file start.txt (compact mmCIF, C-alpha atoms)
# COMPACT_ATOMS: atom_id res chain seq x y z
CA MET A 1 27.97 -11.71 -42.39
CA THR A 2 30.28 -13.18 -45.01
CA GLY A 3 30.99 -12.06 -48.57
CA PRO A 4 29.08 -9.63 -50.78
CA LEU A 5 25.31 -9.46 -50.43
CA SER A 6 22.73 -10.38 -53.04
CA VAL A 7 19.06 -9.41 -53.05
CA GLY A 8 16.13 -11.60 -53.97
CA ILE A 9 12.71 -10.07 -54.62
CA ASP A 10 9.46 -12.05 -54.87
CA ILE A 11 6.35 -10.49 -56.39
CA GLY A 12 3.62 -12.51 -54.72
CA THR A 13 -0.13 -12.36 -55.02
CA SER A 14 -0.58 -10.30 -51.85
CA SER A 15 2.81 -8.61 -51.33
CA VAL A 16 6.35 -8.07 -52.56
CA LYS A 17 9.01 -9.65 -50.35
CA ALA A 18 12.72 -8.80 -50.47
CA LEU A 19 15.70 -10.40 -48.73
CA ALA A 20 19.34 -9.32 -48.58
CA VAL A 21 21.47 -12.43 -48.14
CA ASP A 22 25.18 -13.13 -47.63
CA GLU A 23 27.14 -15.88 -49.39
CA ASP A 24 26.20 -18.45 -46.73
CA GLY A 25 22.49 -17.87 -47.19
CA THR A 26 22.11 -15.87 -43.99
CA VAL A 27 19.39 -13.21 -44.20
CA VAL A 28 20.75 -9.83 -43.11
CA ALA A 29 17.74 -7.68 -44.05
CA ARG A 30 14.15 -8.28 -45.12
CA ALA A 31 11.25 -6.14 -46.31
CA ARG A 32 7.61 -6.69 -47.23
CA VAL A 33 5.43 -4.32 -49.25
CA PRO A 34 1.75 -5.38 -49.32
CA HIS A 35 -0.54 -4.79 -52.28
CA GLU A 36 -4.18 -5.42 -53.07
CA ILE A 37 -5.59 -8.43 -54.87
CA ARG A 38 -8.45 -7.15 -57.00
CA ILE A 39 -11.41 -9.48 -57.62
CA PRO A 40 -14.01 -7.25 -59.32
CA GLU A 41 -15.99 -10.34 -60.43
CA PRO A 42 -15.87 -13.94 -59.18
CA ASP A 43 -13.89 -15.02 -62.25
CA ARG A 44 -11.52 -12.02 -62.34
CA PHE A 45 -8.15 -11.95 -60.56
CA GLU A 46 -5.85 -8.98 -61.05
CA HIS A 47 -3.36 -6.48 -59.67
CA ASP A 48 -2.86 -2.80 -60.17
CA ALA A 49 0.30 -3.58 -62.14
CA GLY A 50 1.84 -0.18 -61.49
CA VAL A 51 1.53 -0.64 -57.74
CA ALA A 52 2.38 -4.33 -57.42
CA TRP A 53 4.80 -4.99 -60.28
CA ARG A 54 6.57 -1.67 -60.83
CA ASP A 55 6.47 0.33 -57.60
CA GLY A 56 6.43 -2.63 -55.19
CA PRO A 57 9.83 -4.13 -56.14
CA ARG A 58 11.51 -0.72 -56.02
CA ALA A 59 9.96 0.04 -52.64
CA ALA A 60 10.97 -3.35 -51.26
CA LEU A 61 14.56 -2.91 -52.44
CA ASP A 62 14.73 0.56 -50.89
CA ALA A 63 13.18 -0.70 -47.64
CA LEU A 64 16.10 -3.07 -47.10
CA ALA A 65 18.10 0.09 -46.29
CA LEU A 66 21.45 -1.51 -47.11
CA ASP A 67 24.64 0.39 -46.27
CA ALA A 68 26.16 -0.49 -49.66
CA PRO A 69 24.72 -1.73 -52.95
CA PRO A 70 24.41 -5.51 -53.29
CA ALA A 71 26.36 -7.41 -55.93
CA GLY A 72 23.24 -8.60 -57.66
CA VAL A 73 19.44 -8.46 -57.68
CA SER A 74 16.92 -10.95 -59.05
CA VAL A 75 13.11 -10.82 -59.15
CA CYS A 76 10.74 -13.79 -59.26
CA ALA A 77 6.96 -13.78 -59.59
CA MET A 78 3.84 -15.89 -59.83
CA VAL A 79 2.83 -17.11 -63.30
CA PRO A 80 1.23 -16.38 -65.60
CA SER A 81 0.75 -12.62 -65.47
CA LEU A 82 0.46 -9.89 -68.09
CA ALA A 83 -0.29 -6.20 -68.60
CA ALA A 84 -0.21 -3.86 -71.59
CA VAL A 85 2.13 -0.86 -71.18
CA ASP A 86 2.82 2.45 -72.90
CA SER A 87 6.18 3.64 -74.21
CA ALA A 88 7.26 4.69 -70.71
CA GLY A 89 6.39 1.31 -69.22
CA GLU A 90 3.25 2.59 -67.51
CA PRO A 91 0.48 -0.05 -67.43
CA LEU A 92 -2.54 0.54 -69.63
CA THR A 93 -4.53 -2.44 -68.37
CA PRO A 94 -4.93 -4.29 -65.09
CA GLY A 95 -2.24 -6.85 -64.37
CA LEU A 96 -3.94 -10.15 -65.17
CA LEU A 97 -3.12 -13.06 -62.84
CA TYR A 98 -3.28 -16.83 -63.05
CA GLY A 99 -6.81 -18.17 -63.12
CA ASP A 100 -8.42 -14.99 -64.45
CA ALA A 101 -11.20 -15.89 -66.90
CA ARG A 102 -9.67 -13.62 -69.52
CA GLY A 103 -6.94 -16.23 -69.88
CA GLN A 104 -9.07 -19.36 -69.90
CA GLY A 105 -7.51 -21.90 -72.22
CA GLU A 106 -8.82 -25.05 -73.76
CA GLY A 107 -8.61 -28.38 -71.93
CA GLY A 108 -5.25 -29.85 -70.98
CA SER A 109 -3.95 -30.40 -67.48
CA GLY A 110 -4.48 -26.82 -66.37
CA ASN A 111 -0.78 -26.11 -66.82
CA PRO A 112 -0.56 -22.61 -68.38
CA ALA A 113 1.81 -23.93 -71.04
CA GLU A 114 -0.80 -26.49 -72.14
CA THR A 115 -3.91 -24.35 -71.91
CA GLY A 116 -2.40 -21.28 -73.57
CA GLU A 117 -3.34 -19.03 -70.65
CA LEU A 118 -0.64 -16.44 -71.33
CA VAL A 119 -1.54 -16.31 -75.03
CA SER A 120 -5.17 -15.72 -74.06
CA PHE A 121 -4.04 -12.94 -71.72
CA LEU A 122 -2.10 -11.42 -74.62
CA ARG A 123 -5.12 -11.59 -76.93
CA TRP A 124 -7.28 -9.80 -74.36
CA ALA A 125 -4.65 -7.17 -73.54
CA HIS A 126 -4.10 -6.34 -77.22
CA ALA A 127 -7.84 -5.97 -77.78
CA GLU A 128 -8.12 -3.75 -74.70
CA ALA A 129 -5.06 -1.60 -75.56
CA PRO A 130 -4.38 -1.99 -79.31
CA ASP A 131 -1.90 0.92 -79.33
CA ALA A 132 0.18 -0.43 -76.44
CA ALA A 133 3.95 -0.23 -76.80
CA GLY A 134 4.47 -3.54 -75.02
CA PHE A 135 2.96 -6.50 -73.25
CA TRP A 136 4.88 -7.52 -70.14
CA PRO A 137 4.61 -10.13 -67.39
CA ALA A 138 5.18 -9.00 -63.81
CA THR A 139 8.89 -9.85 -63.76
CA ALA A 140 9.57 -7.89 -66.95
CA MET A 141 7.81 -4.83 -65.54
CA ALA A 142 9.86 -5.07 -62.35
CA ASN A 143 13.08 -5.42 -64.34
CA HIS A 144 12.16 -2.34 -66.39
CA ALA A 145 11.54 -0.39 -63.18
CA LEU A 146 14.85 -1.52 -61.68
CA GLY A 147 17.13 -1.63 -64.71
CA GLY A 148 15.45 0.39 -67.44
CA GLU A 149 14.66 -2.51 -69.81
CA ALA A 150 11.86 -5.06 -69.98
CA VAL A 151 13.74 -8.35 -69.71
CA LEU A 152 12.32 -11.79 -69.00
CA ASP A 153 13.97 -15.09 -68.13
CA THR A 154 13.48 -18.15 -70.29
CA THR A 155 12.00 -20.17 -67.42
CA THR A 156 9.11 -17.74 -67.00
CA ALA A 157 8.73 -17.53 -70.78
CA SER A 158 8.26 -21.31 -70.89
CA VAL A 159 4.72 -21.00 -69.47
CA ALA A 160 3.84 -18.98 -72.59
CA TYR A 161 4.21 -21.98 -74.92
CA PRO A 162 3.53 -21.98 -77.86
CA LEU A 163 4.31 -18.25 -77.94
CA PHE A 164 7.77 -19.18 -76.62
CA ASP A 165 9.19 -22.06 -78.68
CA TRP A 166 11.96 -22.86 -76.12
CA THR A 167 14.46 -20.59 -77.91
CA ARG A 168 12.61 -17.37 -78.82
CA TRP A 169 9.22 -15.71 -79.12
CA ASP A 170 7.37 -17.23 -82.08
CA PRO A 171 6.44 -14.40 -84.49
CA GLU A 172 3.60 -16.37 -86.07
CA VAL A 173 1.91 -17.11 -82.74
CA ALA A 174 2.34 -13.47 -81.71
CA ALA A 175 0.89 -12.25 -85.00
CA GLY A 176 -2.09 -14.54 -84.47
CA VAL A 177 -3.17 -12.35 -81.55
CA GLY A 178 -2.19 -9.09 -83.26
CA VAL A 179 1.17 -8.58 -81.57
CA ASP A 180 4.72 -8.12 -82.88
CA VAL A 181 7.47 -9.93 -80.96
CA ALA A 182 9.23 -6.55 -80.61
CA GLN A 183 6.44 -5.66 -78.13
CA LEU A 184 7.45 -8.54 -75.87
CA PRO A 185 10.31 -8.52 -73.33
CA ARG A 186 13.86 -9.38 -74.35
CA LEU A 187 14.63 -12.95 -73.33
CA VAL A 188 17.69 -13.90 -71.28
CA PRO A 189 18.55 -17.37 -69.90
CA THR A 190 17.69 -17.85 -66.24
CA GLY A 191 20.60 -17.04 -63.96
CA TRP A 192 22.51 -14.94 -66.50
CA ALA A 193 23.23 -11.22 -66.22
CA ALA A 194 20.55 -9.12 -67.92
CA GLY A 195 21.52 -5.56 -67.00
CA HIS A 196 22.21 -3.35 -64.00
CA VAL A 197 20.05 -1.75 -61.35
CA GLY A 198 20.01 2.03 -61.58
CA GLY A 199 22.64 2.39 -64.29
CA PRO A 200 25.81 0.71 -65.62
CA ASP A 201 27.64 0.96 -62.29
CA GLY A 202 24.78 -0.51 -60.26
CA PRO A 203 24.22 -4.07 -59.06
CA VAL A 204 23.95 -6.79 -61.69
CA LEU A 205 20.32 -7.53 -62.53
CA ALA A 206 19.32 -11.11 -63.32
CA PRO A 207 16.35 -11.68 -65.67
CA GLY A 208 14.27 -13.33 -62.93
CA CYS A 209 12.47 -16.64 -62.57
CA ILE A 210 9.22 -18.37 -61.55
CA ASP A 211 8.58 -18.27 -57.80
CA VAL A 212 7.98 -22.03 -57.62
CA LEU A 213 11.47 -22.77 -58.95
CA THR A 214 13.29 -20.26 -56.76
CA ASP A 215 11.48 -21.68 -53.74
CA GLN A 216 12.33 -25.24 -54.72
CA ILE A 217 16.09 -24.79 -55.14
CA ILE A 218 16.65 -23.77 -51.51
CA ALA A 219 13.90 -25.72 -49.71
CA GLY A 220 15.81 -28.95 -49.21
CA ALA A 221 13.05 -31.21 -50.59
CA ASP A 222 15.46 -33.17 -52.77
CA THR A 223 14.76 -36.82 -51.92
CA VAL A 224 12.15 -39.10 -53.48
CA GLY A 225 9.14 -39.08 -51.15
CA ASP A 226 9.66 -35.51 -49.96
CA VAL A 227 6.55 -33.36 -50.43
CA LEU A 228 7.33 -29.69 -51.07
CA ILE A 229 4.47 -27.36 -50.10
CA LEU A 230 4.42 -23.63 -50.77
CA MET A 231 1.97 -22.16 -48.28
CA GLY A 232 1.13 -18.88 -49.93
CA THR A 233 -1.96 -17.22 -51.37
CA THR A 234 -2.06 -20.32 -53.53
CA ILE A 235 -1.03 -23.61 -51.95
CA ILE A 236 1.29 -25.56 -54.24
CA VAL A 237 1.95 -29.22 -53.45
CA ASN A 238 4.63 -31.24 -55.26
CA THR A 239 5.89 -34.72 -54.42
CA VAL A 240 9.46 -35.58 -55.41
CA THR A 241 9.27 -38.63 -57.67
CA PRO A 242 11.70 -40.58 -59.89
CA ARG A 243 9.08 -40.85 -62.65
CA HIS A 244 7.97 -38.37 -65.29
CA ASP A 245 4.87 -40.11 -66.63
CA ALA A 246 1.56 -38.30 -66.31
CA VAL A 247 -0.57 -38.20 -63.18
CA ASP A 248 -4.16 -37.64 -64.26
CA GLY A 249 -5.24 -34.08 -63.48
CA TYR A 250 -1.85 -32.99 -62.12
CA TRP A 251 1.39 -31.50 -63.46
CA VAL A 252 4.71 -33.32 -63.68
CA MET A 253 7.80 -31.16 -64.17
CA PRO A 254 11.58 -31.55 -63.83
CA HIS A 255 13.24 -31.17 -60.45
CA THR A 256 16.66 -29.49 -60.35
CA GLU A 257 17.90 -32.69 -58.65
CA PRO A 258 19.10 -35.10 -61.38
CA ASP A 259 16.72 -37.95 -62.21
CA CYS A 260 13.94 -36.48 -60.08
CA PHE A 261 10.65 -34.82 -60.94
CA LEU A 262 7.93 -32.88 -59.12
CA ALA A 263 4.35 -34.10 -59.43
CA GLY A 264 1.38 -32.15 -58.12
CA GLY A 265 0.38 -28.56 -58.71
CA PRO A 266 -1.45 -25.51 -57.37
CA SER A 267 -4.76 -25.28 -55.52
CA ASN A 268 -6.95 -22.31 -54.70
CA ALA A 269 -7.40 -23.69 -51.15
CA GLY A 270 -4.38 -21.73 -49.91
CA GLY A 271 -4.06 -18.43 -48.11
CA LEU A 272 -6.62 -16.69 -50.33
CA PHE A 273 -9.29 -19.17 -49.25
CA VAL A 274 -8.10 -19.43 -45.63
CA ASN A 275 -8.01 -15.69 -45.06
CA TRP A 276 -11.32 -15.10 -46.84
CA ALA A 277 -13.10 -17.82 -44.88
CA LEU A 278 -11.78 -16.75 -41.48
CA ARG A 279 -12.50 -13.08 -42.17
CA THR A 280 -15.99 -13.73 -43.56
CA LEU A 281 -17.01 -16.08 -40.79
CA GLY A 282 -15.42 -13.97 -38.07
CA ALA A 283 -13.73 -17.10 -36.74
CA GLU A 284 -11.21 -15.70 -34.28
CA ALA A 285 -8.56 -17.97 -32.78
CA PRO A 286 -10.21 -20.02 -29.97
CA ALA A 287 -8.98 -20.43 -26.42
CA ARG A 288 -9.06 -24.20 -26.85
CA PRO A 289 -9.38 -26.59 -29.80
CA PRO A 290 -12.71 -28.15 -30.77
CA ARG A 291 -13.72 -31.73 -30.14
CA ALA A 292 -12.29 -34.00 -32.80
CA ASP A 293 -15.77 -35.17 -33.86
CA ARG A 294 -17.31 -31.68 -33.94
CA VAL A 295 -15.86 -30.15 -37.14
CA PRO A 296 -17.81 -29.43 -40.36
CA VAL A 297 -16.43 -29.96 -43.86
CA TRP A 298 -15.63 -27.43 -46.57
CA SER A 299 -15.74 -27.61 -50.31
CA PRO A 300 -13.05 -24.89 -50.42
CA TYR A 301 -13.58 -23.40 -53.87
CA PRO A 302 -15.14 -19.93 -53.71
CA ARG A 303 -13.21 -19.06 -56.90
CA GLY A 304 -13.01 -22.47 -58.57
CA GLU A 305 -10.23 -25.01 -58.34
CA ARG A 306 -7.03 -25.67 -60.23
CA VAL A 307 -5.51 -29.17 -59.94
CA PRO A 308 -6.97 -31.73 -60.24
CA LEU A 309 -10.44 -30.35 -61.05
CA HIS A 310 -9.47 -27.58 -63.51
CA ASP A 311 -12.88 -26.05 -62.98
CA PRO A 312 -13.01 -22.26 -62.62
CA ALA A 313 -16.79 -22.40 -62.18
CA ARG A 314 -16.68 -24.64 -59.10
CA ARG A 315 -17.98 -22.86 -56.01
CA GLY A 316 -17.52 -23.38 -52.31
CA GLY A 317 -19.70 -24.56 -49.49
CA LEU A 318 -19.57 -25.30 -45.76
CA LEU A 319 -21.27 -28.60 -45.12
CA ASP A 320 -22.76 -30.58 -42.24
CA LEU A 321 -23.16 -27.63 -39.89
CA ASP A 322 -25.20 -28.23 -36.75
CA LEU A 323 -25.85 -26.44 -33.47
CA THR A 324 -22.93 -28.15 -31.71
CA HIS A 325 -20.40 -26.39 -33.93
CA ASP A 326 -18.77 -23.36 -32.37
CA THR A 327 -16.16 -20.87 -33.57
CA ALA A 328 -13.33 -23.30 -32.83
CA SER A 329 -15.02 -25.99 -34.93
CA ILE A 330 -15.52 -23.71 -37.89
CA ARG A 331 -11.99 -22.33 -37.70
CA ARG A 332 -10.51 -25.83 -37.64
CA SER A 333 -12.64 -26.78 -40.66
CA VAL A 334 -11.00 -24.03 -42.72
CA PHE A 335 -7.50 -25.36 -42.13
CA GLU A 336 -8.60 -28.97 -42.57
CA ALA A 337 -9.97 -28.10 -46.01
CA SER A 338 -6.49 -27.03 -47.10
CA GLY A 339 -5.09 -30.17 -45.50
CA PHE A 340 -7.56 -32.41 -47.32
CA VAL A 341 -6.68 -30.80 -50.66
CA THR A 342 -3.03 -31.50 -49.87
CA ARG A 343 -3.68 -35.13 -48.93
CA ARG A 344 -5.60 -35.73 -52.16
CA MET A 345 -2.61 -34.47 -54.17
CA VAL A 346 -0.10 -36.54 -52.21
CA ASP A 347 -2.25 -39.67 -52.44
CA ALA A 348 -2.73 -39.26 -56.20
CA VAL A 349 1.01 -39.13 -56.88
CA ALA A 350 1.69 -41.98 -54.47
CA ALA A 351 -0.84 -44.17 -56.27
CA ALA A 352 0.25 -43.23 -59.80
CA HIS A 353 4.02 -43.37 -59.28
CA GLY A 354 4.33 -45.82 -56.42
CA VAL A 355 6.08 -43.22 -54.25
CA THR A 356 5.80 -43.49 -50.48
CA PRO A 357 5.59 -39.96 -49.00
CA ARG A 358 8.05 -39.51 -46.14
CA ARG A 359 7.67 -35.91 -44.97
CA ILE A 360 6.38 -32.49 -45.92
CA VAL A 361 8.84 -29.63 -46.41
CA ALA A 362 6.78 -26.45 -46.04
CA THR A 363 7.74 -22.92 -46.97
CA GLY A 364 5.92 -19.63 -47.44
CA GLY A 365 4.13 -17.22 -45.13
CA GLY A 366 1.60 -19.87 -44.10
CA THR A 367 4.31 -21.66 -42.10
CA ARG A 368 3.90 -18.91 -39.52
CA VAL A 369 0.27 -20.00 -38.93
CA ASP A 370 0.44 -22.81 -36.36
CA GLU A 371 -3.13 -24.03 -36.93
CA TRP A 372 -2.52 -24.41 -40.66
CA VAL A 373 0.74 -26.32 -40.18
CA HIS A 374 -0.82 -28.63 -37.59
CA ALA A 375 -3.81 -29.31 -39.85
CA LEU A 376 -1.47 -30.24 -42.73
CA ALA A 377 0.29 -32.74 -40.47
CA ASP A 378 -2.95 -34.17 -39.08
CA CYS A 379 -4.72 -34.45 -42.44
CA THR A 380 -1.82 -36.07 -44.29
CA GLY A 381 -0.37 -38.13 -41.43
CA LEU A 382 3.07 -36.75 -42.34
CA PRO A 383 5.57 -34.70 -40.29
CA VAL A 384 5.77 -31.11 -41.51
CA GLN A 385 9.24 -29.59 -41.51
CA CYS A 386 9.01 -25.83 -41.95
CA THR A 387 11.89 -24.01 -43.57
CA ALA A 388 13.74 -21.55 -41.36
CA VAL A 389 13.20 -18.75 -43.91
CA PRO A 390 9.50 -18.53 -44.89
CA GLU A 391 10.27 -16.19 -47.82
CA GLY A 392 11.71 -19.08 -49.80
CA ALA A 393 11.03 -17.64 -53.25
CA ALA A 394 12.90 -14.44 -52.37
CA LEU A 395 15.76 -16.48 -50.89
CA GLY A 396 16.09 -18.56 -54.05
CA SER A 397 16.00 -15.37 -56.09
CA ALA A 398 18.93 -14.06 -54.08
CA TYR A 399 20.88 -17.14 -55.12
CA LEU A 400 20.09 -16.49 -58.80
CA ALA A 401 21.33 -12.92 -58.25
CA ARG A 402 24.65 -14.39 -57.07
CA MET A 403 24.82 -16.54 -60.20
CA ALA A 404 24.20 -13.53 -62.45
CA ALA A 405 26.83 -11.51 -60.60
CA GLY A 406 29.44 -14.23 -61.13
CA LEU A 407 29.68 -15.10 -57.43
CA GLU A 408 28.90 -18.79 -57.94
CA PRO A 409 31.79 -20.29 -59.95
CA GLY A 410 29.90 -23.46 -60.87
CA ALA A 411 26.78 -21.50 -61.81
CA MET A 412 24.56 -24.49 -61.00
CA MET A 413 21.11 -24.15 -59.42
CA THR A 414 21.68 -27.41 -57.55
CA ASP A 415 24.40 -25.68 -55.53
CA ALA A 416 21.68 -23.56 -53.93
CA ARG A 417 20.78 -26.52 -51.69
CA ARG A 418 23.56 -25.42 -49.34
CA TRP A 419 21.25 -22.57 -48.31
CA ALA A 420 18.51 -24.95 -47.17
CA ARG A 421 17.76 -24.28 -43.50
CA PRO A 422 15.32 -26.53 -41.62
CA GLY A 423 13.11 -24.90 -39.00
CA ARG A 424 10.61 -26.50 -36.64
CA THR A 425 8.95 -29.85 -37.31
CA VAL A 426 5.30 -30.51 -36.45
CA ASP A 427 4.18 -34.14 -36.15
CA PRO A 428 0.64 -35.45 -36.73
CA ASP A 429 -1.60 -35.57 -33.65
CA PRO A 430 -3.14 -39.07 -33.44
CA THR A 431 -6.00 -37.88 -31.20
CA TRP A 432 -7.88 -36.60 -34.27
CA GLY A 433 -8.04 -40.22 -35.45
CA ASP A 434 -11.14 -41.76 -37.00
CA ALA A 435 -13.22 -38.57 -36.96
CA LEU A 436 -10.74 -36.79 -39.22
CA GLU A 437 -10.59 -39.77 -41.58
CA ALA A 438 -14.39 -39.73 -41.85
CA ARG A 439 -14.31 -36.03 -42.71
CA TYR A 440 -11.70 -36.65 -45.40
CA GLN A 441 -13.92 -39.25 -47.03
CA ARG A 442 -16.82 -36.78 -46.84
CA PHE A 443 -14.57 -34.14 -48.47
CA LEU A 444 -13.75 -36.51 -51.34
CA ALA A 445 -17.45 -37.25 -51.83
CA VAL A 446 -18.60 -33.63 -51.99
CA ALA A 447 -15.54 -31.67 -53.20
CA GLY A 448 -14.69 -33.71 -56.26
call {"tool": "encode", "arguments": {"input": "start.txt", "output": "structure tokens"}}
result
Amino acid sequence: MTGPLSVGIDIGTSSVKALAVDEDGTVVARARVPHEIRIPEPDRFEHDAGVAWRDGPRAALDALALDAPPAGVSVCAMVPSLAAVDSAGEPLTPGLLYGDARGQGEGGSGNPAETGELVSFLRWAHAEAPDAAGFWPATAMANHALGGEAVLDTTTASVAYPLFDWTRWDPEVAAGVGVDVAQLPRLVPTGWAAGHVGGPDGPVLAPGCIDVLTDQIIAGADTVGDVLILMGTTIIVNTVTPRHDAVDGYWVMPHTEPDCFLAGGPSNAGGLFVNWALRTLGAEAPARPPRADRVPVWSPYPRGERVPLHDPARRGGLLDLDLTHDTASIRRSVFEASGFVTRRMVDAVAAAHGVTPRRIVATGGGTRVDEWVHALADCTGLPVQCTAVPEGAALGSAYLARMAAGLEPGAMMTDARRWARPGRTVDPDPTWGDALEARYQRFLAVAG
């Protein structure tokens, strides 16, 4: 272990992860605190904000059981999210999550900043709790629990456009949904110091960040043609491209690497779909794989789809079943569905931007699932290089904690690439061949 430690915390959809990391990016302690995803209706998607956003980060930090306080702490989270709170910071409403119908915007690419999803969340939360003292995203609630003040980073605030006008909360937009900007978190630039954990003598607290960005800065997917995949509850697929022009149905956003961009976006065919399908179908891991030509095809949207369909009403289906399909066939079909969604994203960017994909860099808890990783390689025809640290968002958060604590003299996010650690690489298996290609074409025909 070298140098002072920093702690990165990631509030994910299904758990809070925390890592304690030294200055070389070596993980010296890790913790995971699971929480429930609540889906009371097909179009609802929420947390118990007190459990997941307030108690979870504190429990994860305590579970690291460090001998001495770290130099800094930073929290990242999925976006968008929002809950109304009372004067003590206790939630008065459920914690609304991305894709919940109460935040449905109007048109656009599905990007929360274009559809106004966070503003719609705010409108609903104010109507539900008109006497609330505040309205906080997940990161702000965690920062209040850790440091005593609801603070939010400007990167996370950017998904609230037009409520955030790139410099401050817009009082007119806030007033339009019945809210005063004083009820919103204090804004602090990403990577700056925002307070202290547990009092003025505690570790420096950074304002936080979006999980996608903290994952990206330490993944090592920094070359045009790299495909960065976050294998979490949501699967997020982004191809590194030199172009910033639009890709129909997808998002294009800046990369931290100069003159590079990320094109792609999130899909609901990630861990939420995979785990639901395997659990519902009772498809236990088989003793041997299925025949390559004996696999059915999914339309993997039991709760709608994000990019490129932007259709929350889309529903799922398992197609082409026959009596030759066994448990192994059905299980493989689940992972192939996620692989087909990934291929469609990669192919769309390749066609629109003229980028030749060269490899997948995969991070997230799904990298521990061999069948999923192999299906991604087989379905895309690309080698999949898994990161050595699956909790990439927490690792990137630990780097932002170092920046806030003044431990990174240059204070540049691009310097975080020195923490990139490659793990195993899985190559495509050519034996799946023509049968898999036929299933992909069937997927495109039936799944949109």
call {"tool": "closest_residue", "arguments": {"input": "start.txt", "among": "A:Ala283, A:Ala101, A:Val151, A:Val224", "to": "A:Pro312", "atoms": "all atoms listed in the file"}}
result
A:Ala101
call {"tool": "closest_residue", "arguments": {"input": "start.txt", "among": "A:Pro189, A:Gly282, A:Gly304, A:Gly50", "to": "A:Met403", "atoms": "only C-alpha atoms"}}
result
A:Pro189
call {"tool": "axis_aligned_box", "arguments": {"input": "start.txt", "around": "stretch 37-44 of chain A", "padding_each_side": "8 Å", "output": "AutoDock Vina command-line options"}}
result
--center_x -10.8 --center_y -11.1 --center_z -58.6 --size_x 26.4 --size_y 23.9 --size_z 23.5
call {"tool": "closest_residue", "arguments": {"input": "start.txt", "among": "A:Asp100, A:Asp415, A:Asp226, A:Asp201", "to": "A:Pro69", "atoms": "all atoms listed in the file"}}
result
A:Asp201
call {"tool": "residues_around", "arguments": {"input": "start.txt", "residues": "A:His126", "least_positions_apart": "4", "cutoff": "9 Å", "atoms": "all atoms listed in the file", "output": "VMD selection string"}}
result
chain A and resid 84 121 to 122 130 to 132 135 177 to 179
call {"tool": "residues_near_point", "arguments": {"input": "start.txt", "point": "(18.1, -23.9, -49.4)", "cutoff": "7 Å", "atoms": "all atoms listed in the file", "output": "PyMOL selection string"}}
result
chain A and resi 217-220+416-421
call {"tool": "closest_atom_pairs", "arguments": {"input": "start.txt", "of": "stretch 403-436 of chain A", "to": "stretch 2-18 of chain A", "cutoff": "12 Å", "atoms": "only C-alpha atoms", "output": "tab-separated table"}}
result
residue	atom	partner	partner_atom	distance
A:Met403	CA	A:Ser6	CA	9.7
A:Ala404	CA	A:Ser6	CA	10.0
A:Ala405	CA	A:Ser6	CA	8.7
A:Gly406	CA	A:Ser6	CA	11.2
A:Leu407	CA	A:Pro4	CA	8.6
A:Glu408	CA	A:Ser6	CA	11.5
call {"tool": "atom_distance", "arguments": {"input": "start.txt", "atom1": "atom CA of A:Ala68", "atom2": "atom CA of A:Pro409"}}
result
23.0 Å
call {"tool": "residues_around", "arguments": {"input": "start.txt", "residues": "stretch 374-388 of chain A", "least_positions_apart": "3", "cutoff": "10 Å", "atoms": "all atoms listed in the file", "output": "number ranges by chain"}}
result
A: 218-221, 227-229, 332-344, 346-347, 357-364, 366-371, 391-392, 420-433, 436-437, 439-440
call {"tool": "closest_residue", "arguments": {"input": "start.txt", "among": "A:Ala157, A:Leu318, A:Cys209, A:Val79", "to": "A:Gly396", "atoms": "only C-alpha atoms"}}
result
A:Cys209
call {"tool": "closest_residue", "arguments": {"input": "start.txt", "among": "A:Gln216, A:Thr115, A:Asn143, A:Thr256", "to": "A:Pro57", "atoms": "only C-alpha atoms"}}
result
A:Asn143
